[in-house]
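Participant: Attaching a single structure in structure tokens format; questions to follow.
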Amino acid sequence: MRSTLARRVALSIIAGLFVLAPAAIFVADAGANSLNPPQTTRKNSGTPNSSYVLKRHGVVIKYGDKYITYSAPPSSLDALGQALFLENCASCHGTQANGVPANGTNGAYPDLVGLGPATITFWVDSGRMPAADPRVIEAPRRQPRLTPNQALAIAAWVNSLAPSYPLIPTPHLKRANVADGAALFALNCAACHTIEGDGDALAYGTYAPSLRHIPAFQVVEAIRTGPANMPRFSGNLSDQQVNDIVAYVTEYIQHPQNPGGFGLGGLGPVAEGFVGLLVGVGVLILVSYWVGERS
Amino acid sequence: MSDGATTKRQQKAALGPYGKVGKALNELDDRLGVARGGRTFMDKIFPDHWSFMLGEIALYSFVILLVTGVFLTLYFVPSSAIVTYHGSYLPLDGQKVTQAFESTVNLSFAVRGGLLMRQMHHWACDIFVGAIVVHMARVFFTGAFRKPRELNWTLGVTLLILAIANGFLGYSLPDDLVSGTGIRIAYSIMLSIPVVGTYLAFFVFGGNFPGTAVIPRFFILHVLIVPLIIIALVSAHLFLLVRQKHTQFPGEGRTEKNVVGSPMFPVFMAKTTGFLFIVGGVTALLGAFAQINPIWQFGPYDAARISYAVQPDWYMGFLDGALRIWPSWSFMAFGHTIPLEVTIPAVVLPGILFNIAFAWPALERRLTKDHEIHHLLDRPSERPRRTAAGASVLTLLAMLFIASSTDVIANFFHLSLNTVLLMMRILVIVTPILAYPVTYLICKELQGVKGGGKRKTPNLVTRTEEGEYLASATPPYRDDRPHEIEPAPVPIFIEPEPDEPTESGVRTVER
């Protein structure tokens, strides 16, 4: 009698856990996604153009045109840019690009004025904007909906409201030193993007995206503007250093040499463990079964 | 012609029935008396069931580890001295690295066959520990650890711990970014041990982390001390195996008093040598075609650098997983930080798990009050409680292992990392609890299945002349039939003891 009761209690606890576990996961996921998305609201704080000279701790760093050329979007595209902006962006960012849509409240969406043309082209050229779902925490990279020229036009119009930096960069990778780039990558980028550049999940639904298929100029834009959760590297990396990092990313991260065979997706010991256990031990168990059955 | 030994045939006949080999062995026997021991060794009976070969995967991958490891020591420099790398891998050119890292990159790129050897060594290590675990599971679920083999079980668990420890030591040697992070975690785990932690960590690392002493120390532990202990314990493991003779599954002609199987010579020796080459072949294929631990991509370790998505090798995964999902319980007391968030998952939890493993034969004796000697194995379904307990622990370990890749799961399935963390915390508790009753019920069901464990035979459908269809059962497969043992005559090279059987091949030997 007592054992039946104990068994019933145990079974109901187990059944309860069965029900509660998915419920808890559901609630937690809802909670994680209901947080306010982190937004790029920082105004331009002195990100340089080609001729900018910054004095930092008594050291003068020249942001040289030798390594990265920054160019402003042509003002002839302003009118086209405004039309495209009203068509594609204004429903959230407002007709004045200040983040206040019609009948909307201030602060719901990022204010784009003064963020610099590189910010605009980065988000549009990577297909993240116009966003498929404006409420998503971190818009994923997609096939771009607007052409590079259209993105440039939008950047030109937004920049015409309040001219600001960073301008649109062109790195000169032939002058880069990949060894310095590799060291700087390990120091500045690997903590989120992983040392093999595959990206990974961060807290509360944010993530560091993979660096595998990103054109060189967008890598510079990301470093200089700090999209979404990423910090903005402005004063602490010179143009030469950024150029080195971009060269390492586009040459070695995007095209790993893998002299040892299949790269196993760059997932490191997770993939290696699966291969070692399933392929290595698994095949050998099958062989021992084959040998044993033939006796 | 009168000498009688002038033709080749006559000369050969004069040497006796076993030829030159027999003569040489006779000479050896005259001096060392190897015949008696050799007879016993060559007559050692190995049961033919395939699951008895799992331990051999471990043994042979260990042999591969020794061979490839010797090659690697010829080129590896166990030093933390800083040098500037100037080698063939451009992104590292001019970087300040330790000699350990430089020599590992150089042995990968500049030594002929070096990368293959290094990758084979690493794959063989992953297979080695995996095979130990699978072998241990076989021994556990079939009850092979019961009296009189408790000591061999203890040796086996010790070997597993040593294999894991040596794997970690070897993984740390190249001093790359990923392994350096692992050493840092090991240092923190040592620090978290109550009272002696700081002393222990300073003792092992020769001062503060990282220092320059740890690479040479890990090296000598990895290539000399731990392998020597492993070799000694493997020898003891195998000696006990021969001394106590094999267990066997019950079957026709198999009793507690005998062992049925193939003798060491010639059947098993041929089988096992072939298996050595297959293990070597699989390892070589993996080493040649699947890249493992590309340290040149990781770069040298530097305390200021860190990579995300860093996991240890799979056999350390359960520890890493436990560390990841444990709630951050640390507090100040007695003027010290009490880091329970590290101590419990990384020290107490493995301590409990391995102590249960060591104590299991005694625990089971006490629980079942079974103090008999057992040479016949159980089918796992015949002992539902033991099988359920084993399944529960394996589920726990598997969940902890999965928890060591929370970030990879979150990224792959586009979930929030926090959700995955909470999910794993729940699953680690819930699934082992569920695994027990589920396994227990499955075992009970299997017990009730008629002809359970035997392969189904087809039904033969016949049509009579009147057009009536009749179904009849066909006889069981050969392996499932109670079969007579047929001794096979094979050549023997050593004269048998007077009252011993003269044939080898499949046969019965009294204990």
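Chain lettering (A, B, ...) mirrors the order of the structure tokens, residue numbering begins at 1 for each chain separately, and ligand numbering begins at 1 in order of display.
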Between chain A and chain B, at 7 Å or less, what are the per-residue closest atom pairs and their distances in Å? Count only C-alpha atoms, order by chain and rising residue number, and return it as a Markdown table.
Facilitator:
| residue | atom | partner | partner_atom | distance |
| --- | --- | --- | --- | --- |
| A:Ile14 | CA | B:Leu434 | CA | 6.9 |
| A:Leu17 | CA | B:Val430 | CA | 6.8 |
| A:Ala21 | CA | B:Ile426 | CA | 6.6 |
| A:Ile25 | CA | B:Met423 | CA | 6.0 |
| A:Ala28 | CA | B:Thr419 | CA | 6.0 |
| A:Asp29 | CA | B:Thr419 | CA | 5.5 |
| A:Ala32 | CA | B:Ser416 | CA | 6.9 |
| A:Val178 | CA | B:Pro91 | CA | 5.2 |
| A:Ala179 | CA | B:Pro91 | CA | 3.8 |
| A:Ala182 | CA | B:Pro91 | CA | 5.7 |
| A:Ala186 | CA | B:Arg305 | CA | 6.0 |
| A:Leu187 | CA | B:Arg305 | CA | 4.9 |
| A:Ala190 | CA | B:Ser307 | CA | 4.6 |
| A:Ala191 | CA | B:Ser307 | CA | 4.4 |
| A:Cys192 | CA | B:Tyr308 | CA | 5.4 |
| A:His193 | CA | B:Tyr308 | CA | 6.8 |
| A:Thr194 | CA | B:Tyr308 | CA | 4.6 |
| A:Ile195 | CA | B:Ser307 | CA | 5.3 |
| A:Glu196 | CA | B:Gln297 | CA | 6.7 |
| A:Asp200 | CA | B:Asn411 | CA | 5.5 |
| A:Ala201 | CA | B:Asn411 | CA | 4.7 |
| A:Leu202 | CA | B:Leu417 | CA | 6.3 |
| A:Ala203 | CA | B:Leu417 | CA | 5.4 |
| A:Tyr204 | CA | B:Ser416 | CA | 5.3 |
| A:Gly205 | CA | B:Ser416 | CA | 4.1 |
| A:Asn258 | CA | B:Gln291 | CA | 6.9 |
| A:Gly260 | CA | B:Gln291 | CA | 4.3 |
| A:Gly261 | CA | B:Phe289 | CA | 4.3 |
| A:Phe262 | CA | B:Ala290 | CA | 4.7 |
| A:Gly263 | CA | B:Gln291 | CA | 5.5 |
| A:Gly268 | CA | B:Asn293 | CA | 6.9 |
| A:Pro269 | CA | B:Asp313 | CA | 5.4 |
| A:Val270 | CA | B:Gln311 | CA | 6.8 |
| A:Glu272 | CA | B:Ile292 | CA | 6.5 |
| A:Gly273 | CA | B:Trp314 | CA | 4.9 |
| A:Gly276 | CA | B:Asp126 | CA | 5.6 |
| A:Leu277 | CA | B:Gly130 | CA | 6.3 |
| A:Gly280 | CA | B:Ile127 | CA | 6.0 |
| A:Val281 | CA | B:Ile127 | CA | 5.6 |
| A:Leu284 | CA | B:Val279 | CA | 6.7 |
| A:Ile285 | CA | B:Leu54 | CA | 6.8 |
| A:Ser288 | CA | B:Trp50 | CA | 5.6 |
| A:Tyr289 | CA | B:Trp50 | CA | 4.9 |
| A:Val291 | CA | B:Trp50 | CA | 6.9 |
| A:Gly292 | CA | B:Trp50 | CA | 4.0 |
| A:Glu293 | CA | B:Trp50 | CA | 6.5 |
| A:Ser295 | CA | B:Asp48 | CA | 6.3 |
Participant: Show which residues sit within 10 Å of Ser188 in chain B, as a PyMOL selection string. Count only C-alpha atoms, and ignore same-chain residues fewer than 3 positions away.
Facilitator: chain B and resi 182-185+191-193+197-198+201+209+339+342-343+346
Participant: Skip Ile120 in chain A itself and residues of its chain fewer than 4 positions away, then list as a list in words all residues within 9 Å of it, counting only C-alpha atoms.
Facilitator: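 My list of contacting residues is Leu112, Leu115, Gly116, Val124, Asp125, Met129, Ala151, Leu152, Ile154, Ala155 and Val158 of chain A.
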Participant: Would you write out those residues with C-alpha atoms, as a PDB file, in the first residue's frame?
Facilitator:
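Result file again_6.pdb:
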ATOM      1  CA  LEU A 112      19.771  57.980 -37.760  1.00  0.00           C
ATOM      2  CA  LEU A 115      25.366  58.383 -37.393  1.00  0.00           C
ATOM      3  CA  GLY A 116      27.472  58.777 -40.511  1.00  0.00           C
ATOM      4  CA  VAL A 124      21.290  48.442 -46.012  1.00  0.00           C
ATOM      5  CA  ASP A 125      24.036  46.711 -47.984  1.00  0.00           C
ATOM      6  CA  MET A 129      17.554  46.977 -43.361  1.00  0.00           C
ATOM      7  CA  ALA A 151      21.956  52.397 -50.273  1.00  0.00           C
ATOM      8  CA  LEU A 152      24.454  55.088 -51.154  1.00  0.00           C
ATOM      9  CA  ILE A 154      19.876  56.907 -48.727  1.00  0.00           C
ATOM     10  CA  ALA A 155      23.185  57.501 -46.949  1.00  0.00           C
ATOM     11  CA  VAL A 158      20.573  61.194 -44.295  1.00  0.00           C
TER      12      VAL A 158
END
Participant: Within range 140-270 of chain A, find each residue whose DSSP state, derived from the backbone, is helix (DSSP H, G or I), and express the selection as a JSON list (two decimals) with C-alpha atoms, in the first residue's frame.
Facilitator:
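Once everything was written out, this is selection.json:
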[["chain", "number", "residue", "atom", "x", "y", "z"],
["A", 148, "PRO", "CA", 24.46, 49.43, -53.47],
["A", 149, "ASN", "CA", 23.67, 52.61, -55.35],
["A", 150, "GLN", "CA", 20.29, 52.94, -53.65],
["A", 151, "ALA", "CA", 21.96, 52.40, -50.27],
["A", 152, "LEU", "CA", 24.45, 55.09, -51.15],
["A", 153, "ALA", "CA", 21.61, 57.43, -52.09],
["A", 154, "ILE", "CA", 19.88, 56.91, -48.73],
["A", 155, "ALA", "CA", 23.19, 57.50, -46.95],
["A", 156, "ALA", "CA", 23.65, 60.69, -48.99],
["A", 157, "TRP", "CA", 20.26, 62.07, -48.00],
["A", 158, "VAL", "CA", 20.57, 61.19, -44.29],
["A", 159, "ASN", "CA", 24.07, 62.68, -44.29],
["A", 160, "SER", "CA", 22.74, 65.85, -45.88],
["A", 161, "LEU", "CA", 20.54, 66.39, -42.80],
["A", 173, "LEU", "CA", 44.43, 45.41, -48.62],
["A", 174, "LYS", "CA", 47.64, 45.21, -50.64],
["A", 175, "ARG", "CA", 49.30, 47.40, -48.02],
["A", 178, "VAL", "CA", 48.15, 39.84, -42.13],
["A", 179, "ALA", "CA", 50.37, 38.82, -39.22],
["A", 180, "ASP", "CA", 49.54, 42.03, -37.36],
["A", 181, "GLY", "CA", 45.94, 41.53, -38.45],
["A", 182, "ALA", "CA", 45.86, 38.03, -36.96],
["A", 183, "ALA", "CA", 47.22, 39.25, -33.62],
["A", 184, "LEU", "CA", 44.77, 42.18, -33.53],
["A", 185, "PHE", "CA", 41.91, 39.89, -34.50],
["A", 186, "ALA", "CA", 42.70, 37.55, -31.59],
["A", 187, "LEU", "CA", 42.88, 40.52, -29.24],
["A", 188, "ASN", "CA", 39.82, 42.49, -30.39],
["A", 190, "ALA", "CA", 37.79, 36.62, -31.29],
["A", 191, "ALA", "CA", 36.11, 37.14, -27.92],
["A", 192, "CYS", "CA", 32.73, 37.32, -29.71],
["A", 193, "HIS", "CA", 33.24, 36.25, -33.33],
["A", 203, "ALA", "CA", 23.31, 36.76, -24.15],
["A", 204, "TYR", "CA", 19.56, 37.39, -24.51],
["A", 205, "GLY", "CA", 19.12, 36.56, -28.18],
["A", 216, "ALA", "CA", 36.07, 43.91, -47.06],
["A", 217, "PHE", "CA", 34.52, 47.40, -46.95],
["A", 218, "GLN", "CA", 31.67, 46.13, -44.74],
["A", 219, "VAL", "CA", 34.18, 44.75, -42.25],
["A", 220, "VAL", "CA", 35.68, 48.25, -42.00],
["A", 221, "GLU", "CA", 32.19, 49.77, -41.64],
["A", 222, "ALA", "CA", 31.32, 47.36, -38.85],
["A", 223, "ILE", "CA", 34.56, 48.07, -36.97],
["A", 224, "ARG", "CA", 34.19, 51.84, -37.37],
["A", 225, "THR", "CA", 30.45, 52.12, -36.66],
["A", 239, "ASP", "CA", 43.38, 52.79, -40.06],
["A", 240, "GLN", "CA", 46.51, 50.74, -40.58],
["A", 241, "GLN", "CA", 45.42, 48.30, -37.88],
["A", 242, "VAL", "CA", 41.85, 48.09, -39.22],
["A", 243, "ASN", "CA", 43.25, 47.44, -42.67],
["A", 244, "ASP", "CA", 45.42, 44.61, -41.25],
["A", 245, "ILE", "CA", 42.41, 43.03, -39.54],
["A", 246, "VAL", "CA", 40.31, 43.26, -42.71],
["A", 247, "ALA", "CA", 43.09, 41.62, -44.72],
["A", 248, "TYR", "CA", 43.30, 38.75, -42.19],
["A", 249, "VAL", "CA", 39.51, 38.33, -42.18],
["A", 250, "THR", "CA", 39.08, 38.33, -45.95],
["A", 251, "GLU", "CA", 42.14, 36.21, -46.68],
["A", 252, "TYR", "CA", 42.44, 33.69, -43.86],
["A", 253, "ILE", "CA", 39.15, 33.68, -41.93],
["A", 264, "LEU", "CA", 34.77, 20.34, -39.77],
["A", 265, "GLY", "CA", 32.92, 23.66, -39.99],
["A", 266, "GLY", "CA", 35.31, 25.48, -37.67],
["A", 269, "PRO", "CA", 36.25, 20.38, -30.26],
["A", 270, "VAL", "CA", 32.46, 19.98, -30.49]]
Participant: Considering only C-alpha atoms, return as a list in words whatever protein or nucleic-acid residues lie within 7 Å of Trp326 in chain B, sequence-local ones (same chain, fewer than 2 positions apart) excluded.
Facilitator: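 The residues that qualify are Ala322, Leu323, Arg324, Ser328, Glu341 and Pro345 of chain B.
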Participant: Keeping C-alpha atoms, export the residues of the selection given above as an mmCIF file, in the first residue's frame.
Facilitator:
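So the final result, stored in selection_33.cif, reads:
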data_model
loop_
_atom_site.group_PDB
_atom_site.id
_atom_site.type_symbol
_atom_site.label_atom_id
_atom_site.label_comp_id
_atom_site.auth_asym_id
_atom_site.auth_seq_id
_atom_site.Cartn_x
_atom_site.Cartn_y
_atom_site.Cartn_z
ATOM 1 C CA ALA B 322 28.744 21.351 -15.285
ATOM 2 C CA LEU B 323 30.783 24.529 -14.823
ATOM 3 C CA ARG B 324 28.735 26.354 -17.430
ATOM 4 C CA SER B 328 26.790 31.424 -9.518
ATOM 5 C CA GLU B 341 30.087 27.727 -8.282
ATOM 6 C CA PRO B 345 30.642 21.239 -10.394
#
Participant: So, counting only C-alpha atoms, which residue among B:Arg138, B:Phe76, B:Gln99, B:Ala388 is closest to Val111 in chain B?
Facilitator: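 Between B:Arg138, B:Phe76, B:Gln99, B:Ala388, the residue approaching Val111 in chain B most closely is B:Phe76.
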